[in-house]
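Content type compact mmCIF, C-alpha atoms, from the file work36.txt:
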```
# COMPACT_ATOMS: atom_id res chain seq x y z
CA MET K 1 -82.38 47.18 -57.29
CA SER K 2 -81.15 50.67 -58.23
CA ASP K 3 -83.83 52.13 -55.92
CA ARG K 4 -82.99 49.91 -52.96
CA LEU K 5 -82.67 52.07 -49.85
CA PHE K 6 -81.62 49.68 -47.08
CA THR K 7 -78.24 48.69 -48.38
CA ARG K 8 -75.41 47.55 -46.11
CA SER K 9 -73.78 50.99 -46.16
CA TYR K 10 -77.06 52.78 -45.45
CA ILE K 11 -77.78 50.56 -42.44
CA PHE K 12 -74.24 51.15 -41.20
CA ILE K 13 -74.56 54.95 -41.51
CA LEU K 14 -77.87 54.79 -39.59
CA ALA K 15 -76.22 52.80 -36.79
CA ALA K 16 -73.19 55.10 -36.72
CA ASN K 17 -75.42 58.16 -36.50
CA PHE K 18 -77.58 56.73 -33.72
CA LEU K 19 -74.64 55.62 -31.59
CA MET K 20 -72.81 58.93 -32.05
CA PHE K 21 -75.84 60.95 -30.96
CA PHE K 22 -76.61 58.53 -28.13
CA GLY K 23 -73.11 59.07 -26.71
CA PHE K 24 -73.60 62.82 -27.13
CA TRP K 25 -77.02 62.99 -25.45
CA LEU K 26 -75.88 60.64 -22.67
CA LEU K 27 -73.63 63.41 -21.35
CA ILE K 28 -75.84 66.46 -21.96
CA PRO K 29 -77.90 66.33 -18.72
CA VAL K 30 -74.95 65.07 -16.67
CA LEU K 31 -72.32 67.70 -17.50
CA PRO K 32 -73.94 70.52 -15.44
CA PHE K 33 -73.80 68.26 -12.35
CA TYR K 34 -70.21 67.29 -13.18
CA LEU K 35 -69.10 70.92 -13.47
CA THR K 36 -70.85 71.89 -10.25
CA GLU K 37 -69.58 69.00 -8.17
CA THR K 38 -66.06 68.75 -9.64
CA PHE K 39 -65.13 72.39 -10.23
CA GLY K 40 -67.65 74.17 -8.00
CA CYS K 41 -69.14 76.14 -10.91
CA GLU K 42 -71.95 78.55 -10.15
CA GLN K 43 -75.16 78.27 -12.14
CA ALA K 44 -74.59 81.69 -13.69
CA VAL K 45 -71.49 80.49 -15.57
CA LEU K 46 -72.65 76.99 -16.50
CA GLY K 47 -74.39 78.12 -19.67
CA GLY K 48 -71.36 80.07 -20.87
CA ILE K 49 -69.02 77.13 -20.30
CA LEU K 50 -71.25 74.62 -22.04
CA SER K 51 -72.03 76.98 -24.92
CA CYS K 52 -68.38 77.03 -26.07
CA TYR K 53 -69.22 73.67 -27.61
CA THR K 54 -71.93 75.25 -29.78
CA VAL K 55 -69.71 78.17 -30.78
CA SER K 56 -66.88 75.93 -31.99
CA CYS K 57 -69.38 73.65 -33.73
CA LEU K 58 -70.78 76.62 -35.66
CA ALA K 59 -67.32 77.94 -36.47
CA VAL K 60 -66.16 74.74 -38.14
CA ARG K 61 -69.26 73.82 -40.14
CA PRO K 62 -68.79 76.10 -43.19
CA PHE K 63 -65.16 74.97 -43.51
CA SER K 64 -66.01 71.30 -43.04
CA GLY K 65 -68.59 71.60 -45.81
CA PHE K 66 -65.99 73.15 -48.11
CA LEU K 67 -63.37 70.47 -47.30
CA MET K 68 -65.80 67.61 -47.80
CA ASP K 69 -66.85 68.98 -51.19
CA ARG K 70 -63.26 69.48 -52.29
CA PHE K 71 -61.65 66.32 -50.86
CA PRO K 72 -62.85 62.73 -50.22
CA ARG K 73 -65.57 62.94 -47.57
CA LYS K 74 -65.21 59.64 -45.76
CA PRO K 75 -61.64 60.11 -44.39
CA ILE K 76 -62.62 63.52 -42.95
CA TYR K 77 -65.82 62.05 -41.52
CA ILE K 78 -63.94 59.17 -39.90
CA PHE K 79 -61.30 61.50 -38.43
CA CYS K 80 -63.99 63.77 -36.91
CA TYR K 81 -65.88 60.73 -35.59
CA PHE K 82 -62.70 59.37 -33.96
CA LEU K 83 -61.87 62.76 -32.44
CA GLY K 84 -65.39 63.13 -31.05
CA THR K 85 -65.21 59.64 -29.54
CA ALA K 86 -61.87 60.41 -27.90
CA MET K 87 -63.23 63.66 -26.44
CA LEU K 88 -65.92 61.76 -24.51
CA THR K 89 -63.25 60.33 -22.20
CA SER K 90 -60.94 63.34 -22.24
CA TYR K 91 -63.21 65.12 -19.75
CA MET K 92 -62.00 62.69 -17.07
CA PHE K 93 -58.49 64.10 -17.38
CA ALA K 94 -59.45 67.79 -17.24
CA ALA K 95 -57.59 68.89 -14.11
CA THR K 96 -58.79 72.49 -14.32
CA LEU K 97 -61.87 74.28 -15.59
CA ALA K 98 -59.80 75.95 -18.31
CA TRP K 99 -58.79 72.55 -19.67
CA PHE K 100 -62.41 71.41 -19.62
CA ILE K 101 -63.42 74.45 -21.71
CA ILE K 102 -60.66 73.72 -24.23
CA LEU K 103 -61.67 70.06 -24.50
CA ARG K 104 -65.32 71.01 -24.82
CA ALA K 105 -64.47 73.37 -27.69
CA ILE K 106 -62.46 70.64 -29.46
CA HIS K 107 -65.42 68.30 -29.03
CA GLY K 108 -67.59 70.91 -30.73
CA LEU K 109 -65.19 71.09 -33.67
CA ALA K 110 -65.33 67.31 -34.07
CA PHE K 111 -69.11 67.18 -33.74
CA GLY K 112 -69.58 69.95 -36.30
CA GLY K 113 -67.51 68.01 -38.81
CA VAL K 114 -69.02 64.60 -38.17
CA THR K 115 -72.62 65.82 -38.46
CA VAL K 116 -71.94 67.47 -41.82
CA GLY K 117 -70.00 64.44 -43.05
CA GLY K 118 -72.54 61.86 -41.90
CA ASN K 119 -75.49 63.70 -43.42
CA THR K 120 -73.68 64.20 -46.72
CA LEU K 121 -72.47 60.59 -46.94
CA CYS K 122 -76.03 59.47 -46.26
CA VAL K 123 -77.19 61.48 -49.29
CA ASP K 124 -74.35 60.03 -51.37
CA ILE K 125 -75.16 56.38 -50.74
CA MET K 126 -78.95 56.47 -51.08
CA PRO K 127 -80.91 56.49 -54.38
CA SER K 128 -82.12 59.98 -55.26
CA SER K 129 -85.63 58.63 -55.86
CA ARG K 130 -85.89 57.80 -52.13
CA ARG K 131 -83.87 60.69 -50.71
CA GLY K 132 -86.66 62.17 -48.61
CA GLU K 133 -87.52 58.81 -47.06
CA GLY K 134 -83.84 58.05 -46.49
CA LEU K 135 -83.21 61.36 -44.75
CA GLY K 136 -86.33 60.75 -42.67
CA TYR K 137 -84.95 57.48 -41.29
CA TYR K 138 -81.54 59.07 -40.82
CA GLY K 139 -83.05 61.89 -38.75
CA LEU K 140 -85.13 59.35 -36.85
CA MET K 141 -81.88 58.00 -35.41
CA ASN K 142 -81.19 61.45 -33.94
CA ASN K 143 -84.66 61.61 -32.39
CA THR K 144 -84.39 58.11 -30.91
CA ALA K 145 -81.02 58.98 -29.40
CA MET K 146 -82.49 62.21 -28.02
CA ALA K 147 -85.28 60.21 -26.35
CA LEU K 148 -83.04 57.49 -24.86
CA GLY K 149 -79.71 59.24 -24.21
CA PRO K 150 -80.68 61.82 -21.55
CA MET K 151 -82.88 59.31 -19.75
CA THR K 152 -80.00 56.81 -19.61
CA GLY K 153 -77.51 59.47 -18.52
CA LEU K 154 -79.69 60.68 -15.67
CA PHE K 155 -80.32 57.10 -14.53
CA MET K 156 -76.58 56.37 -14.54
CA HIS K 157 -75.90 59.61 -12.64
CA GLY K 158 -77.55 58.15 -9.58
CA HIS K 159 -75.80 54.78 -9.79
CA VAL K 160 -72.48 55.18 -11.66
CA SER K 161 -69.49 57.47 -11.25
CA TYR K 162 -68.81 60.25 -13.73
CA ASN K 163 -65.85 58.32 -15.13
CA GLY K 164 -68.16 55.37 -15.70
CA ILE K 165 -70.59 57.58 -17.63
CA PHE K 166 -67.79 59.04 -19.77
CA LEU K 167 -66.42 55.55 -20.51
CA THR K 168 -69.90 54.33 -21.43
CA GLY K 169 -70.31 57.21 -23.87
CA MET K 170 -66.94 56.43 -25.40
CA ALA K 171 -67.73 52.70 -25.70
CA VAL K 172 -71.03 53.39 -27.45
CA SER K 173 -69.39 55.86 -29.83
CA LEU K 174 -66.54 53.44 -30.49
CA VAL K 175 -69.03 50.83 -31.70
CA GLY K 176 -70.52 53.56 -33.89
CA LEU K 177 -67.07 54.28 -35.29
CA MET K 178 -66.79 50.61 -36.34
CA PHE K 179 -70.03 50.96 -38.27
CA ALA K 180 -68.83 54.22 -39.82
CA LEU K 181 -65.68 52.49 -41.08
CA GLY K 182 -67.87 49.95 -42.86
CA VAL K 183 -69.72 52.58 -44.91
CA LYS K 184 -68.81 52.47 -48.59
CA LYS K 185 -69.49 55.68 -50.46
CA GLY K 186 -71.46 55.11 -53.67
CA LYS K 187 -71.37 57.16 -56.79
CA GLY K 188 -74.68 58.77 -55.90
CA ALA K 189 -77.38 60.13 -58.14
CA LYS K 190 -76.57 61.73 -61.45
CA ASN K 191 -78.55 64.29 -63.34
CA VAL K 192 -79.31 62.94 -66.83
CA SER K 193 -81.48 65.72 -68.15
CA LYS K 194 -78.42 67.25 -69.83
CA THR K 195 -75.69 65.73 -71.98
CA LYS K 196 -72.35 64.90 -70.42
CA LYS K 197 -70.75 67.58 -72.56
CA GLU K 198 -73.13 70.21 -71.18
CA GLU K 199 -72.52 69.07 -67.61
CA LYS K 200 -68.74 69.22 -68.03
CA SER K 201 -68.98 72.67 -69.59
CA GLU K 202 -71.13 73.95 -66.73
CA ALA K 203 -68.84 72.36 -64.15
CA LYS K 204 -65.76 74.04 -65.64
CA ALA K 205 -67.47 77.41 -65.77
CA GLU K 206 -68.68 77.03 -62.20
CA THR K 207 -65.22 76.01 -61.01
CA LYS K 208 -63.76 79.19 -62.47
CA ARG K 209 -66.35 81.29 -60.69
CA CYS K 210 -66.08 79.48 -57.37
CA THR K 211 -62.47 79.99 -56.34
CA LEU K 212 -61.05 79.26 -52.92
CA VAL K 213 -62.00 82.71 -51.67
CA SER K 214 -65.53 82.57 -53.08
CA LEU K 215 -68.24 82.75 -50.45
CA ASP K 216 -70.18 80.08 -52.35
CA ARG K 217 -67.51 77.54 -51.40
CA PHE K 218 -68.40 77.91 -47.72
CA ILE K 219 -72.09 78.88 -47.82
CA LEU K 220 -74.78 77.79 -50.25
CA ILE K 221 -75.76 81.21 -51.63
CA LYS K 222 -79.00 79.87 -53.10
CA GLY K 223 -79.90 78.61 -49.64
CA ILE K 224 -79.82 82.01 -47.94
CA PRO K 225 -83.58 82.73 -48.28
CA VAL K 226 -84.60 79.41 -46.74
CA SER K 227 -81.89 79.85 -44.10
CA VAL K 228 -83.62 83.02 -42.90
CA ALA K 229 -86.92 81.14 -42.52
CA LEU K 230 -85.19 78.18 -40.84
CA LEU K 231 -83.27 80.42 -38.43
CA LEU K 232 -86.49 82.07 -37.27
CA LEU K 233 -88.10 78.67 -36.87
CA SER K 234 -85.32 77.37 -34.64
CA ILE K 235 -85.37 80.33 -32.22
CA PRO K 236 -88.40 79.14 -30.17
CA TYR K 237 -87.25 75.52 -30.58
CA GLY K 238 -84.02 76.36 -28.73
CA ALA K 239 -86.02 78.13 -26.02
CA THR K 240 -88.19 75.04 -25.58
CA THR K 241 -85.54 72.34 -25.40
CA ASN K 242 -83.50 74.27 -22.84
CA PHE K 243 -86.11 75.96 -20.64
CA VAL K 244 -89.38 74.02 -20.81
CA ALA K 245 -88.67 72.25 -17.49
CA MET K 246 -87.91 75.58 -15.83
CA TYR K 247 -91.10 77.04 -17.32
CA ALA K 248 -93.21 74.20 -15.90
CA SER K 249 -91.67 74.80 -12.48
CA GLU K 250 -92.24 78.56 -12.79
CA ILE K 251 -95.99 78.20 -13.40
CA ARG K 252 -96.19 75.44 -10.73
CA LEU K 253 -97.22 72.76 -13.16
CA ASP K 254 -96.40 69.50 -11.41
CA VAL K 255 -95.76 67.16 -14.35
CA PRO K 256 -92.90 64.81 -15.40
CA THR K 257 -91.13 67.15 -17.83
CA GLY K 258 -88.84 64.38 -19.07
CA PHE K 259 -91.89 62.85 -20.75
CA PHE K 260 -92.16 66.05 -22.81
CA PHE K 261 -89.08 65.10 -24.83
CA THR K 262 -90.17 61.50 -25.23
CA LEU K 263 -93.46 62.60 -26.78
CA MET K 264 -91.69 65.07 -29.05
CA ALA K 265 -89.22 62.42 -30.22
CA ALA K 266 -92.08 59.97 -30.85
CA GLY K 267 -94.00 62.55 -32.88
CA MET K 268 -90.92 63.36 -34.93
CA GLY K 269 -90.19 59.70 -35.56
CA VAL K 270 -93.63 58.92 -36.95
CA SER K 271 -94.02 62.09 -39.02
CA ARG K 272 -90.49 61.87 -40.47
CA ILE K 273 -91.27 58.54 -42.12
CA PHE K 274 -94.50 59.69 -43.75
CA ALA K 275 -93.10 63.10 -44.69
CA GLY K 276 -90.02 61.51 -46.24
CA LYS K 277 -92.15 59.45 -48.61
CA LYS K 278 -94.15 62.53 -49.58
CA VAL K 279 -90.93 64.42 -50.26
CA ASP K 280 -89.87 61.64 -52.65
CA GLN K 281 -93.15 62.17 -54.49
CA GLY K 282 -92.19 65.80 -55.08
CA TYR K 283 -94.04 67.48 -52.19
CA VAL K 284 -91.00 69.25 -50.76
CA THR K 285 -92.36 72.74 -50.09
CA GLN K 286 -95.81 71.33 -49.31
CA CYS K 287 -94.46 69.21 -46.43
CA ILE K 288 -92.65 72.21 -44.96
CA HIS K 289 -95.72 74.40 -45.38
CA ALA K 290 -97.97 71.85 -43.64
CA GLY K 291 -95.50 71.42 -40.77
CA TYR K 292 -95.66 75.09 -39.82
CA TYR K 293 -99.26 75.00 -38.55
CA PRO K 294 -98.90 72.45 -35.71
CA VAL K 295 -95.65 74.17 -34.66
CA ILE K 296 -97.26 77.63 -34.46
CA LEU K 297 -100.21 76.19 -32.55
CA ALA K 298 -97.88 74.31 -30.18
CA PHE K 299 -95.91 77.39 -29.11
CA LEU K 300 -99.15 79.34 -28.66
CA MET K 301 -100.58 76.58 -26.44
CA LEU K 302 -97.36 76.36 -24.45
CA GLY K 303 -97.52 80.08 -23.65
CA LEU K 304 -101.20 79.83 -22.70
CA CYS K 305 -100.49 77.06 -20.19
CA ARG K 306 -99.62 79.82 -17.71
CA PHE K 307 -103.22 81.05 -17.77
CA ALA K 308 -104.83 77.61 -17.97
CA VAL K 309 -103.07 76.37 -14.82
CA VAL K 310 -104.85 79.05 -12.79
CA ASP K 311 -108.27 77.60 -13.61
CA SER K 312 -107.50 73.91 -14.05
CA HIS K 313 -104.30 71.98 -13.38
CA TRP K 314 -105.69 69.08 -15.43
CA LEU K 315 -106.36 71.32 -18.44
CA ALA K 316 -102.90 72.87 -18.23
CA SER K 317 -101.27 69.43 -17.95
CA THR K 318 -103.20 68.17 -20.96
CA MET K 319 -102.19 71.21 -23.00
CA PHE K 320 -98.59 70.85 -21.84
CA PHE K 321 -98.35 67.29 -23.21
CA ILE K 322 -100.24 68.03 -26.43
CA VAL K 323 -97.54 70.58 -27.22
CA PRO K 324 -94.64 68.10 -27.72
CA ALA K 325 -96.80 65.87 -29.90
CA LEU K 326 -97.62 68.86 -32.12
CA LEU K 327 -93.98 69.98 -32.18
CA GLY K 328 -92.86 66.47 -33.09
CA ILE K 329 -95.38 66.18 -35.91
CA GLY K 330 -94.61 69.64 -37.26
CA PHE K 331 -90.83 69.56 -37.09
CA GLY K 332 -90.74 65.91 -38.13
CA SER K 333 -92.62 66.86 -41.30
CA MET K 334 -90.31 69.77 -42.03
CA PHE K 335 -86.85 68.36 -41.26
CA PRO K 336 -86.47 65.82 -44.11
CA ALA K 337 -88.13 68.26 -46.52
CA MET K 338 -85.86 71.14 -45.46
CA ASN K 339 -82.78 68.98 -45.82
CA THR K 340 -83.90 67.84 -49.27
CA LEU K 341 -84.68 71.43 -50.29
CA TYR K 342 -81.10 72.48 -49.56
CA ILE K 343 -79.70 69.47 -51.45
CA ASN K 344 -81.95 70.21 -54.44
CA LEU K 345 -80.60 73.77 -54.61
CA ALA K 346 -76.99 72.58 -54.70
CA ARG K 347 -74.82 71.15 -57.44
CA HIS K 348 -73.52 67.61 -57.01
CA ASP K 349 -70.17 68.99 -55.77
CA GLN K 350 -71.89 71.25 -53.21
CA ARG K 351 -73.75 68.66 -51.17
CA ALA K 352 -71.60 69.07 -48.08
CA THR K 353 -71.77 72.86 -48.37
CA ALA K 354 -75.58 72.62 -48.61
CA THR K 355 -75.72 70.39 -45.53
CA SER K 356 -73.37 72.72 -43.65
CA THR K 357 -75.53 75.75 -44.51
CA TYR K 358 -78.66 73.92 -43.38
CA LEU K 359 -77.18 72.88 -40.02
CA THR K 360 -75.53 76.26 -39.44
CA ALA K 361 -78.78 78.18 -39.95
CA TRP K 362 -80.52 75.88 -37.49
CA ASP K 363 -77.81 76.14 -34.84
CA VAL K 364 -77.56 79.94 -35.10
CA GLY K 365 -81.29 80.14 -34.42
CA LEU K 366 -80.93 77.78 -31.45
CA GLY K 367 -78.21 79.98 -29.99
CA ILE K 368 -80.28 83.13 -30.44
CA GLY K 369 -83.28 81.42 -28.89
CA ILE K 370 -81.36 80.33 -25.81
CA THR K 371 -79.86 83.80 -25.33
CA LEU K 372 -83.05 85.80 -25.94
CA SER K 373 -85.12 83.50 -23.73
CA GLY K 374 -83.16 84.47 -20.67
CA VAL K 375 -83.50 88.18 -21.45
CA ILE K 376 -87.24 87.98 -22.11
CA ALA K 377 -87.90 85.77 -19.08
CA GLN K 378 -86.01 88.18 -16.84
CA HIS K 379 -88.36 91.06 -17.75
CA PHE K 380 -91.57 89.04 -18.12
CA THR K 381 -91.77 85.29 -17.56
CA PHE K 382 -91.20 82.29 -19.79
CA TYR K 383 -94.77 82.30 -21.06
CA MET K 384 -93.93 85.42 -23.07
CA VAL K 385 -91.00 83.56 -24.66
CA TYR K 386 -93.38 81.03 -26.19
CA LEU K 387 -96.06 83.53 -27.20
CA ILE K 388 -93.39 85.55 -29.01
CA GLY K 389 -92.09 82.27 -30.43
CA SER K 390 -95.43 81.54 -32.08
CA VAL K 391 -95.34 85.00 -33.70
CA ILE K 392 -91.78 84.41 -34.94
CA CYS K 393 -92.85 81.09 -36.48
CA LEU K 394 -95.77 82.86 -38.17
CA LEU K 395 -93.31 85.38 -39.64
CA SER K 396 -91.15 82.48 -40.82
CA LEU K 397 -94.18 80.93 -42.53
CA VAL K 398 -94.91 84.17 -44.40
CA ILE K 399 -91.29 84.36 -45.57
CA PHE K 400 -91.38 80.74 -46.66
CA ILE K 401 -94.59 81.18 -48.69
CA LYS K 402 -93.79 84.57 -50.22
CA VAL K 403 -90.02 84.30 -50.73
CA VAL K 404 -88.62 80.80 -50.28
CA THR K 405 -91.12 78.77 -52.30
CA PRO K 406 -90.90 80.91 -55.49
CA HIS K 407 -87.10 81.06 -55.11
CA TYR K 408 -86.92 77.28 -54.79
CA GLU K 409 -89.12 76.63 -57.83
CA ARG K 410 -86.87 78.89 -59.92
CA ASN K 411 -83.54 77.49 -58.72
CA LYS K 412 -83.97 73.80 -57.88
CA LEU K 413 -81.62 71.61 -59.87
CA THR K 414 -83.29 68.22 -59.60
CA THR K 415 -84.90 66.85 -62.71
CA LYS K 416 -85.15 63.36 -64.00
CA THR K 417 -82.63 61.25 -62.10
CA THR K 418 -81.06 57.87 -62.22
CA THR K 419 -78.93 56.08 -59.67
CA THR K 420 -75.87 53.92 -59.83
```
Could you write out this structure as structure tokens?
Amino acid sequence: MSDRLFTRSYIFILAANFLMFFGFWLLIPVLPFYLTETFGCEQAVLGGILSCYTVSCLAVRPFSGFLMDRFPRKPIYIFCYFLGTAMLTSYMFAATLAWFIILRAIHGLAFGGVTVGGNTLCVDIMPSSRRGEGLGYYGLMNNTAMALGPMTGLFMHGHVSYNGIFLTGMAVSLVGLMFALGVKKGKGAKNVSKTKKEEKSEAKAETKRCTLVSLDRFILIKGIPVSVALLLLSIPYGATTNFVAMYASEIRLDVPTGFFFTLMAAGMGVSRIFAGKKVDQGYVTQCIHAGYYPVILAFLMLGLCRFAVVDSHWLASTMFFIVPALLGIGFGSMFPAMNTLYINLARHDQRATATSTYLTAWDVGLGIGITLSGVIAQHFTFYMVYLIGSVICLLSLVIFIKVVTPHYERNKLTTKTTTT
């Protein structure tokens, strides 16, 4: 029973995570229309307005990790969840564009805190022997929400008012908040390879070194090498999720681009489950390593679609829809392993900091990818974005093999574990 994964609290945290992300993704494709029709925003400023959410989310993550390691996690998690839920309806009352930007930034602060808190609580309540599998299912909730949320939001956009969409997002998130309140934080996994006296001695020494002004209280220092590899990996990912529909239009590829994200979410869902079980068997770096190859191939194929469409629309369409399947398989294999790698590098009292570092590295890469894509596409076209993306992923693979893997083997803290 000590290795039981699907406990009441674990099921509740899965439901809370899914409903939170569903409410989030429900609004993502609708907000550009809302800003244009309500405030008359030009397309040139839409990206800047919506990106304030990402900036505030990034700004709060290191501090939320520190607070959740230093104080009880669940109250902070619940507060951020409640604030994020409230923000979903606050957009209805934004009388001016300035107020919308402020509310959007506050929403980003709440989302940054709740994602760190939810991920860390999930690690706390699951047995360490099934951590990879547990994180795989947890991430699967994100992917499922990503597949269903935008589709639902766009469908509602044609049939329901904006206020109705905002209220729906709030109602879904409110149900998620009820599930979040039902989560009971366990004692988690304990390292038993050392005596209690040795652990207490190390903890006291570490506490003296890690003062309030220590960088290690906000960023997992041991996670910096893998953060470099992860940041590079997320650059082309950000370019894909934001501009793949525009790219298809640019090369005159007449395909349903919404199906692209459905295939990617499906690939991630399947591969996450299998990869999570392999991670629990100790194949952490191996799962990440294996996931790189379909990702590199996918970005290369996506860039080559521009040339294939000239000769055969059918060939280009086939390549275009193979790409999301490869991306889903590759990233789905890497995500639970990457998350576990960060956790394994951190002390028990640094789990939230590790999670914050992991999510921050990913989001910084996404932001760079979105920004650079526009610059590159302006001078070339989007096909060059994805060809360069495949090269960047190859560089990330080299860094992971030559630097990250040896660093991880030297510094990982997991040994024989038991659960309570």
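Of the residues listed (K:Val323, K:Ile376, K:Leu366, K:Leu88), K:Leu88 shows the shortest atom-to-atom separation from Ile165 (chain K); distances use only C-alpha atoms.
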Which neighbours of Ile399 (chain K) fall inside 10 Å, counting all atoms listed in the file, when residues of the same chain fewer than 6 positions from it are skipped, and could you give them as a ChimeraX atom specification? /K:225-226,228-230,232,393,405
Would you list the residues near (-85.2, 79.4, -28.3) (no more than 7 Å away, in the coordinates of the file, using only C-alpha atoms) as a count of residues only?
12
Neighbouring residues of region 172-176 of chain K were defined as those with any atom within 10 Å, considering all atoms listed in the file; residues of the same chain fewer than 4 positions away were excluded. Please report them as a VMD selection string. chain K and resid 12 to 24 26 81 to 82 84 to 86 88 167 to 168 180 to 181
- Task: Using CA of Leu154 (chain K) and CA of Thr241 (chain K) as the two end points, give the distance in Å to one decimal.
- Result: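 That distance, rounded to one decimal, is 16.3 Å.
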For Cys122 (chain K), the closest of K:Leu253, K:Leu302, K:Val183, K:Val375 counting only C-alpha atoms is K:Val183
Show me the residues close to (-78.6, 58.4, -21.0) - anything with an atom within 8 Å, counting only C-alpha atoms - and format the list as an NGL selection string. :K and (22-23 or 25-27 or 148-156)
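If all atoms listed in the file are the atoms counted, then among K:Val398, K:Ile273, K:Ala352, K:Val309 the closest residue to Phe335 (chain K) is K:Ile273.
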- prompt: From the set K:Thr355, K:Ala361, K:Glu37, K:Tyr53, which residue has the shortest atom-to-atom contact distance to Gly118 (chain K), counting only C-alpha atoms?
  reply: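 Using only C-alpha atoms, the shortest distance to Gly118 (chain K) belongs to K:Thr355.
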Find the residues around Tyr34 (chain K) up to 10 Å (all atoms listed in the file counted), leave out those fewer than 6 positions away in its own chain, and share them as a VMD selection string. chain K and resid 27 40 to 41 91 157 162
